[in-house]
Structure formats: C-alpha cells, structure tokens
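Notes follow the structure.
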Amino acid sequence: MHDRIEATLDSAILACPDCDLLQVLPEVHPGGRARCVRCGRTLATRIRNPIERPLALTLAALLVLVVANAAPLMGLSVVGREASTTIIGGAYQMWIEGQELTALIVLFCAVIAPAAYILFSLVVLLAATRPPAPRWVGEMLRWADGMQPWSMVEVMMLGILVSLVKIAELAKVEPGIGMYAVGILMLLLPAIQVSLDPDEIWARLTWADGELPSTTPEAPNPETALTDSTS
C-alpha cells in the first residue's frame, strides 16, 4: 500500500518492480524488511508491534474524540457577556441559521468520519489480536480505509485558528479543553494510519473456505530476497 510494495507475512513469490527479478519473499520479522537480492529495492516491510501499538493509539484517539466533542472549543467574552460552543453545537447553529449543507459537511468531516474511522479500526484490531480473525474483519478494514480520507480534523483546526485571529479583534477569546483535544486528535489519527499495517490484518483472516494460505511457493528456481532487522 502507498509507496512501498506490500506482501503477505508468509513466504510468497514476488517480482522486483525495479529489476523484475523473480524471487521468494521470506517471512519478514517485526521491525524488519525484505530487499531485492539484485538491486536492493525494499520489497516488503513489517512494523514492530503491528497490533499492540495501533490498538493503544486507537483507544487513546477514541477517548480524545469524546473529549473533543463534549468539551467547549473556545469561550468568548464581549462586554461582560460570555458564550462557548462545541463542534456539534457549532454545526447545529449553522443548521438553524439556514446553512444546512455547511452544517452537514462540518458534522460529517469533523465528527462522523473520524468517529467511524476510529471505531472501525478499533474493532478490526481487537478482532485481530487472536488469529484467525473472522472474515467480516476484512470488510471492516475496507470501511475504515474508506472513512480515513473524510476525517478532516486538521482542516477544521485550521478554520478554528483563522476564526480565532479574526474574533480576537472583537472579543476576548479563551481556548477550551475541546480545542486542545482536537489538536491531540490531529496527531493521533496520522499515527494510527502509519502504525496500522493492513497486511498484518489480512494475514490473520480466516479464508472463505476455512483454509489458510499456502506457505510453500511454487516457481522455477526463484531467488530468495534478503532480509534485515531495520525498522
């Protein structure tokens, strides 16, 4: 996935995308990678703690998401009058002011999509802790991957900062706990995406016929890729 060539955790046959050498991809240990024996191209990598690390990050993101949506984003004080709002409260205010489309977009990209991505990822990781994982985990993984591009917490944070600069000229603005939570969530979501290895999940799935993939490749005299322990 992305810029690197993905491979299953079991032995497989793979042609190097650079030199086209057909070679056996051996088992890659956590934190290691497999390289082409001819040109040195990285053919496969395996993340350290492929389940535990993203699971911890996902649980943290779920807690932070709850705080980000429950706590006020900011407080305003103008001539002795004070007000505060949350993400959902802001979307609701847009709705009642006649900006229904904008309210739906904000609600979906800032609340629904991140929540769905975190929940789908959490279910996938919990189910994969004890392989073989049920087949429906693969579908959940696809749903999580589909929600990820729509989780635009960073765009919302940019909009909040711009509004803070403009409002600061008219009123006293105090960042709330919700804003700090959104900032933390901005860091947790990319960390989950980097640490969650889809190949690790697919390798733990039960096949539709109940069988596991064969670990014995068949090919005419393939080379064996080099492995090292570099993370």
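For the structure tokens, the naming scheme is as follows: chains receive sequential letters (A, B, ...) according to their order of presentation, residues are indexed from 1 within each chain, and ligands are indexed from 1 in presentation order.
Neighbours of Ser151 (chain A) closer than or equal to 6 Å, with only C-alpha atoms counted and sequence neighbours fewer than 5 positions away skipped, come out as Cys109, Ala113 and Pro114 of chain A.
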Keeping C-alpha atoms for every residue in the selection just given, could you write it to a file as a PDB file, in the first residue's frame?
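Once written, result.pdb looks like this:
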ATOM      1  CA  CYS A 109     -15.980  15.520   8.267  1.00  0.00           C
ATOM      2  CA  ALA A 113     -15.986  10.306   9.672  1.00  0.00           C
ATOM      3  CA  PRO A 114     -13.295  10.442  12.401  1.00  0.00           C
TER       4      PRO A 114
END
Inset, instruction - Assign secondary structure with DSSP using the backbone only, and return the residues of chain A in helix (DSSP H, G or I) as a PyMOL selection string. - result: chain A and resi 52-70+87-96+100-128+136-150+153-167+177-195+198-203
Legend entry - Among listed residues A:Val165, A:Leu25, A:Leu55, A:Ala71, nearest Phe120 (chain A) (using only C-alpha atoms): A:Leu55
Inset, instruction - Find the residues around Ala60 (chain A) up to 12 Å (only C-alpha atoms counted), leave out those fewer than 6 positions away in its own chain, and share them as a PyMOL selection string. - result: chain A and resi 53-54+66-67+118-119+122+181+184-185+187-189+191-192
Inset, instruction - Output as a list in words all residues of region 37-178 of chain A that backbone DSSP marks as strand (DSSP E or B). - result: Thr42, Leu43, Ala44, Thr45, Met74, Gly75, Leu76, Ser77, Val78, Arg81, Glu82, Ala83, Ser84, Thr85, Ala133, Lys172, Val173, Glu174 and Pro175 of chain A
Given the selection you just returned, output its residues as a file containing C-alpha atoms, formatted as a JSON list (two decimals), in the first residue's frame.
[["chain", "number", "residue", "atom", "x", "y", "z"],
["A", 42, "THR", "CA", 12.76, -2.74, -0.49],
["A", 43, "LEU", "CA", 10.11, -5.32, -1.34],
["A", 44, "ALA", "CA", 8.28, -5.60, 1.98],
["A", 45, "THR", "CA", 8.40, -4.18, 5.47],
["A", 74, "MET", "CA", -13.49, 28.10, 22.95],
["A", 75, "GLY", "CA", -15.06, 30.71, 25.17],
["A", 76, "LEU", "CA", -15.96, 34.25, 24.09],
["A", 77, "SER", "CA", -16.36, 37.27, 26.32],
["A", 78, "VAL", "CA", -17.82, 40.54, 24.98],
["A", 81, "ARG", "CA", -21.38, 38.51, 28.14],
["A", 82, "GLU", "CA", -19.83, 35.06, 27.82],
["A", 83, "ALA", "CA", -20.55, 32.19, 25.44],
["A", 84, "SER", "CA", -18.98, 28.88, 24.45],
["A", 85, "THR", "CA", -19.65, 26.17, 21.90],
["A", 133, "ALA", "CA", -9.81, -13.28, 12.79],
["A", 172, "LYS", "CA", -11.76, 38.10, 24.37],
["A", 173, "VAL", "CA", -11.18, 34.51, 23.25],
["A", 174, "GLU", "CA", -10.15, 31.68, 25.57],
["A", 175, "PRO", "CA", -9.30, 28.27, 24.05]]
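Put simply, CA of Val124 (chain A) is 8.0 Å away from CA of Gly138 (chain A).
Comparing the minimum interatomic distances between Arg130 (chain A) and each of A:Ile87, A:Gly32, A:Val182, A:Glu52, counting only C-alpha atoms, we find that A:Glu52 sits nearest.
Among the candidates A:Met179, A:Arg41, A:Arg135, A:Arg142, the one nearest to Glu154 (chain A) when counting only C-alpha atoms is A:Met179.
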Determine, counting only C-alpha atoms, which protein, DNA and RNA residues have an atom within 7 Å of an atom of Val153 (chain A); residues of the same chain fewer than 2 positions away are not included. Present the result as a compact mmCIF listing (two decimals) with N, CA and C atoms, in the first residue's frame.
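Written out: around-v4.txt:
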# COMPACT_ATOMS: atom_id res chain seq x y z
N ALA A 110 -15.94 16.36 10.56
CA ALA A 110 -15.30 16.63 11.84
C ALA A 110 -15.75 15.69 12.96
N SER A 151 -11.86 12.11 7.15
CA SER A 151 -11.59 12.59 8.51
C SER A 151 -10.71 13.83 8.42
N VAL A 155 -8.33 20.18 8.89
CA VAL A 155 -8.97 21.29 8.18
C VAL A 155 -9.84 22.10 9.12
N MET A 156 -10.56 21.39 9.99
CA MET A 156 -11.39 22.08 10.97
C MET A 156 -10.52 22.91 11.92
N MET A 157 -9.39 22.34 12.33
CA MET A 157 -8.49 23.06 13.23
C MET A 157 -7.95 24.32 12.57
N MET A 186 -5.48 15.48 16.07
CA MET A 186 -4.77 15.70 14.81
C MET A 186 -3.48 14.87 14.72
Legend entry - Interatomic distance, CA of Ile88 (chain A) to CA of Leu164 (chain A) (Å, one decimal): 17.9 Å
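Distance-wise, CA of Ala128 (chain A) and CA of Arg33 (chain A) end up 21.8 Å apart.
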Inset, instruction - Using only C-alpha atoms, pick whichever of A:Ser163, A:Gln148, A:Ser121, A:Thr102 has the shortest atom-to-atom distance to Asp197 (chain A). - result: A:Ser121
